[in-house]
file entry-v5.cif (mmCIF, C-alpha atoms)
data_start
loop_
_atom_site.label_atom_id
_atom_site.label_comp_id
_atom_site.auth_asym_id
_atom_site.auth_seq_id
_atom_site.Cartn_x
_atom_site.Cartn_y
_atom_site.Cartn_z
CA THR A 1 101.24 99.19 103.69
CA MET A 2 104.89 99.10 102.62
CA ARG A 3 104.95 102.88 102.88
CA ASP A 4 103.75 102.73 106.49
CA ALA A 5 106.33 100.06 107.34
CA TYR A 6 109.03 102.28 105.82
CA VAL A 7 107.88 105.32 107.84
CA VAL A 8 107.82 103.30 111.07
CA SER A 9 111.30 101.93 110.35
CA GLN A 10 112.61 105.46 109.79
CA LEU A 11 110.99 106.74 112.99
CA SER A 12 112.54 103.88 114.97
CA GLY A 13 116.02 104.57 113.59
CA SER A 14 116.10 101.63 111.20
CA ARG A 15 116.66 101.79 107.47
CA MET A 16 114.36 99.48 105.54
CA SER A 17 115.21 99.25 101.86
CA ALA A 18 112.68 98.73 99.09
CA PHE A 19 114.22 95.29 98.50
CA GLU A 20 113.58 94.39 102.16
CA ALA A 21 109.99 95.65 101.97
CA PHE A 22 109.19 93.62 98.85
CA TYR A 23 110.93 90.57 100.36
CA MET A 24 108.79 90.90 103.49
CA ALA A 25 105.65 91.09 101.34
CA THR A 26 106.57 87.97 99.37
CA LEU A 27 109.02 85.23 100.35
CA GLY A 28 109.59 86.67 103.83
CA ASN A 29 105.89 86.37 104.63
CA ALA A 30 105.70 82.88 103.14
CA ARG A 31 108.66 81.79 105.28
CA LEU A 32 107.14 83.30 108.40
CA LEU A 33 103.95 81.32 107.74
CA HIS A 34 105.92 78.16 106.86
CA LEU A 35 104.46 78.27 103.33
CA ASP A 36 107.70 78.90 101.45
CA ASP A 37 107.60 75.41 99.93
CA GLU A 38 104.42 76.40 98.05
CA ALA A 39 104.34 80.22 97.86
CA GLY A 40 106.49 83.33 97.93
CA THR A 41 108.46 82.98 94.68
CA LEU A 42 107.75 82.83 90.97
CA SER A 43 108.86 79.27 90.36
CA PRO A 44 107.30 76.29 88.56
CA GLY A 45 104.79 74.48 90.77
CA MET A 46 104.40 77.36 93.24
CA GLN A 47 101.07 79.05 93.95
CA ALA A 48 101.01 82.44 92.28
CA ASP A 49 98.92 85.33 93.56
CA LEU A 50 100.48 88.45 92.12
CA VAL A 51 99.92 92.04 91.11
CA ILE A 52 101.37 93.69 88.01
CA LEU A 53 102.32 97.29 88.86
CA ASP A 54 102.96 100.27 86.59
CA PRO A 55 105.82 102.42 87.94
CA ALA A 56 104.64 105.34 85.75
CA ALA A 57 100.94 105.14 86.67
CA THR A 58 100.55 108.80 87.64
CA PRO A 59 102.21 111.93 86.30
CA ALA A 60 104.39 112.24 89.42
CA MET A 61 105.34 108.56 89.28
CA ALA A 62 106.16 108.90 85.56
CA VAL A 63 108.61 111.72 86.33
CA ARG A 64 110.22 109.68 89.09
CA ASP A 65 110.37 106.59 86.87
CA ALA A 66 112.06 108.56 84.07
CA ILE A 67 114.93 109.56 86.36
CA SER A 68 115.25 106.24 88.20
CA ASP A 69 118.54 104.53 87.42
CA SER A 70 118.11 101.28 89.33
CA LEU A 71 115.56 98.63 90.21
CA HIS A 72 115.78 99.78 93.83
CA ASP A 73 114.76 103.33 92.84
CA ILE A 74 111.76 102.00 90.90
CA LEU A 75 110.65 99.74 93.76
CA PHE A 76 111.15 102.54 96.29
CA ALA A 77 108.94 104.89 94.24
CA LEU A 78 106.25 102.20 93.96
CA MET A 79 106.45 101.66 97.72
CA ILE A 80 106.18 105.36 98.59
CA MET A 81 104.08 106.83 95.76
CA GLY A 82 102.09 103.84 94.53
CA ASP A 83 98.38 103.39 95.10
CA ASP A 84 95.50 101.59 93.40
CA ARG A 85 96.17 103.50 90.16
CA ALA A 86 99.46 101.60 89.80
CA VAL A 87 97.70 98.21 89.65
CA ARG A 88 97.49 96.99 86.05
CA GLN A 89 96.49 93.36 86.58
CA THR A 90 95.98 90.91 89.41
CA TYR A 91 96.32 87.14 89.32
CA VAL A 92 95.00 84.61 91.81
CA ARG A 93 96.54 81.14 91.66
CA GLY A 94 97.97 82.10 88.29
CA SER A 95 94.64 83.11 86.74
CA PRO A 96 93.98 86.73 85.75
CA MET A 97 91.18 88.42 87.62
CA LYS A 98 88.75 90.78 85.93
CA GLN A 99 89.77 94.40 86.45
CA SER A 100 87.03 96.86 87.41
#

call {"tool": "encode", "arguments": {"input": "entry-v5.cif", "output": "structure tokens"}}
result
Amino acid sequence: TMRDAYVVSQLSGSRMSAFEAFYMATLGNARLLHLDDEAGTLSPGMQADLVILDPAATPAMAVRDAISDSLHDILFALMIMGDDRAVRQTYVRGSPMKQS
């Protein structure tokens, strides 16, 4: 998970930002797999598998979201505190999937 990657980076003396973690999960991964010409960004003609997340999904996350003053803070909280309760909708190849 992003949280685990963050913990490992901290233990190894690195500082991984939330922006870096989300990049690695999206365009960074697509580039690594040589798929960045068809996936990894939200652009016309690109394949789109995505997850819509709620940064205030739990009471603790709602408190953190209320005091967040930047996109980085919101992404960091999602990375550290987020779990399946934060998932609002998933899309595969641009089509919404039924939520259980």

call {"tool": "atom_distance", "arguments": {"input": "entry-v5.cif", "atom1": "atom CA of Arg3 of chain A", "atom2": "atom CA of Met16 of chain A"}}
result
10.4 Å

call {"tool": "atom_distance", "arguments": {"input": "entry-v5.cif", "atom1": "atom CA of Leu42 of chain A", "atom2": "atom CA of Arg85 of chain A"}}
result
23.7 Å

call {"tool": "closest_residue", "arguments": {"input": "entry-v5.cif", "among": "A:Lys98, A:Gly13, A:Ser70, A:Arg93", "to": "Ala39 of chain A", "atoms": "only C-alpha atoms"}}
result
A:Arg93

call {"tool": "atom_distance", "arguments": {"input": "entry-v5.cif", "atom1": "atom CA of Gln99 of chain A", "atom2": "atom CA of Met61 of chain A"}}
result
21.2 Å

call {"tool": "closest_residue", "arguments": {"input": "entry-v5.cif", "among": "A:Ala57, A:Leu50, A:Leu32, A:Ala62", "to": "Tyr91 of chain A", "atoms": "all atoms listed in the file"}}
result
A:Leu50

call {"tool": "closest_residue", "arguments": {"input": "entry-v5.cif", "among": "A:Ile67, A:Val92, A:Ala56, A:Leu75", "to": "Phe19 of chain A", "atoms": "all atoms listed in the file"}}
result
A:Leu75

call {"tool": "resolve_selection", "arguments": {"input": "entry-v5.cif", "expression": "the PyMOL selection byres ((chain A and resi 88-90) around 6)", "output": "VMD selection string"}}
result
chain A and resid 50 to 53 87 91 96 to 97

call {"tool": "write_last_selection", "arguments": {"input": "entry-v5.cif", "atoms": "C-alpha atoms", "output": "compact mmCIF listing (two decimals), in the frame of the given file"}}
result
# COMPACT_ATOMS: atom_id res chain seq x y z
CA LEU A 50 100.48 88.45 92.12
CA VAL A 51 99.92 92.04 91.11
CA ILE A 52 101.37 93.69 88.01
CA LEU A 53 102.32 97.29 88.86
CA VAL A 87 97.70 98.21 89.65
CA TYR A 91 96.32 87.14 89.32
CA PRO A 96 93.98 86.73 85.75
CA MET A 97 91.18 88.42 87.62

call {"tool": "closest_residue", "arguments": {"input": "entry-v5.cif", "among": "A:Pro55, A:Ala25, A:Leu33, A:Ser43", "to": "Ser68 of chain A", "atoms": "only C-alpha atoms"}}
result
A:Pro55

call {"tool": "axis_aligned_box", "arguments": {"input": "entry-v5.cif", "around": "segment 8-26 of chain A", "padding_each_side": "4 Å", "output": "JSON"}}
result
{"center_x": 111.2, "center_y": 97.4, "center_z": 106.7, "size_x": 19.0, "size_y": 26.8, "size_z": 24.5}

call {"tool": "closest_residue", "arguments": {"input": "entry-v5.cif", "among": "A:Ala86, A:Gly45, A:Ala18, A:Leu35", "to": "Asp73 of chain A", "atoms": "all atoms listed in the file"}}
result
A:Ala18

call {"tool": "residues_around", "arguments": {"input": "entry-v5.cif", "residues": "Tyr6 of chain A", "least_positions_apart": "5", "cutoff": "9 Å", "atoms": "all atoms listed in the file", "output": "PyMOL selection string"}}
result
chain A and resi 1+11+14-18+21+79-80

call {"tool": "closest_residue", "arguments": {"input": "entry-v5.cif", "among": "A:Met81, A:Ala30, A:Met46, A:Ala5", "to": "Val63 of chain A", "atoms": "all atoms listed in the file"}}
result
A:Met81

call {"tool": "decode", "arguments": {"input": "entry-v5.cif", "residues": "segment 46-67 of chain A", "atoms": "N, CA and C atoms", "output": "CSV table (one decimal), in the first residue's frame"}}
result
chain,number,residue,atom,x,y,z
A,46,MET,N,-7.1,7.9,-23.4
A,46,MET,CA,-6.3,7.1,-22.5
A,46,MET,C,-7.3,6.1,-21.8
A,47,GLN,N,-6.8,4.9,-21.5
A,47,GLN,CA,-7.6,3.9,-20.7
A,47,GLN,C,-7.7,4.5,-19.3
A,48,ALA,N,-8.9,4.3,-18.7
A,48,ALA,CA,-9.1,4.9,-17.4
A,48,ALA,C,-9.7,3.9,-16.4
A,49,ASP,N,-8.8,3.4,-15.6
A,49,ASP,CA,-9.3,2.6,-14.4
A,49,ASP,C,-9.0,3.6,-13.2
A,50,LEU,N,-10.0,3.9,-12.5
A,50,LEU,CA,-9.8,4.9,-11.4
A,50,LEU,C,-10.7,4.6,-10.2
A,51,VAL,N,-10.3,5.2,-9.1
A,51,VAL,CA,-11.1,5.1,-7.9
A,51,VAL,C,-11.4,6.5,-7.4
A,52,ILE,N,-12.6,6.8,-7.0
A,52,ILE,CA,-13.0,8.1,-6.4
A,52,ILE,C,-12.9,7.9,-4.9
A,53,LEU,N,-12.1,8.7,-4.3
A,53,LEU,CA,-11.9,8.6,-2.8
A,53,LEU,C,-12.6,9.8,-2.1
A,54,ASP,N,-13.0,9.5,-0.9
A,54,ASP,CA,-13.6,10.5,0.0
A,54,ASP,C,-12.7,10.8,1.1
A,55,PRO,N,-12.1,12.0,1.1
A,55,PRO,CA,-11.1,12.3,2.2
A,55,PRO,C,-11.7,12.5,3.6
A,56,ALA,N,-13.0,12.5,3.7
A,56,ALA,CA,-13.7,12.6,5.0
A,56,ALA,C,-14.5,11.4,5.3
A,57,ALA,N,-14.0,10.2,4.8
A,57,ALA,CA,-14.8,9.0,4.9
A,57,ALA,C,-15.1,8.5,6.3
A,58,THR,N,-14.2,8.8,7.2
A,58,THR,CA,-14.4,8.3,8.6
A,58,THR,C,-14.3,9.6,9.5
A,59,PRO,N,-14.8,9.5,10.8
A,59,PRO,CA,-14.7,10.6,11.6
A,59,PRO,C,-13.3,11.2,11.8
A,60,ALA,N,-12.3,10.3,12.0
A,60,ALA,CA,-11.0,10.8,12.1
A,60,ALA,C,-10.5,11.5,10.8
A,61,MET,N,-10.8,10.9,9.7
A,61,MET,CA,-10.4,11.5,8.4
A,61,MET,C,-11.2,12.9,8.2
A,62,ALA,N,-12.4,13.0,8.6
A,62,ALA,CA,-13.2,14.2,8.5
A,62,ALA,C,-12.5,15.3,9.3
A,63,VAL,N,-12.0,15.0,10.5
A,63,VAL,CA,-11.3,16.0,11.3
A,63,VAL,C,-10.1,16.5,10.6
A,64,ARG,N,-9.3,15.5,10.1
A,64,ARG,CA,-8.1,15.8,9.4
A,64,ARG,C,-8.3,16.6,8.1
A,65,ASP,N,-9.4,16.3,7.4
A,65,ASP,CA,-9.7,17.0,6.2
A,65,ASP,C,-10.1,18.4,6.5
A,66,ALA,N,-10.8,18.6,7.6
A,66,ALA,CA,-11.3,20.0,7.9
A,66,ALA,C,-10.1,20.9,8.2
A,67,ILE,N,-9.0,20.4,8.7
A,67,ILE,CA,-7.9,21.3,9.0
A,67,ILE,C,-6.8,21.3,7.9
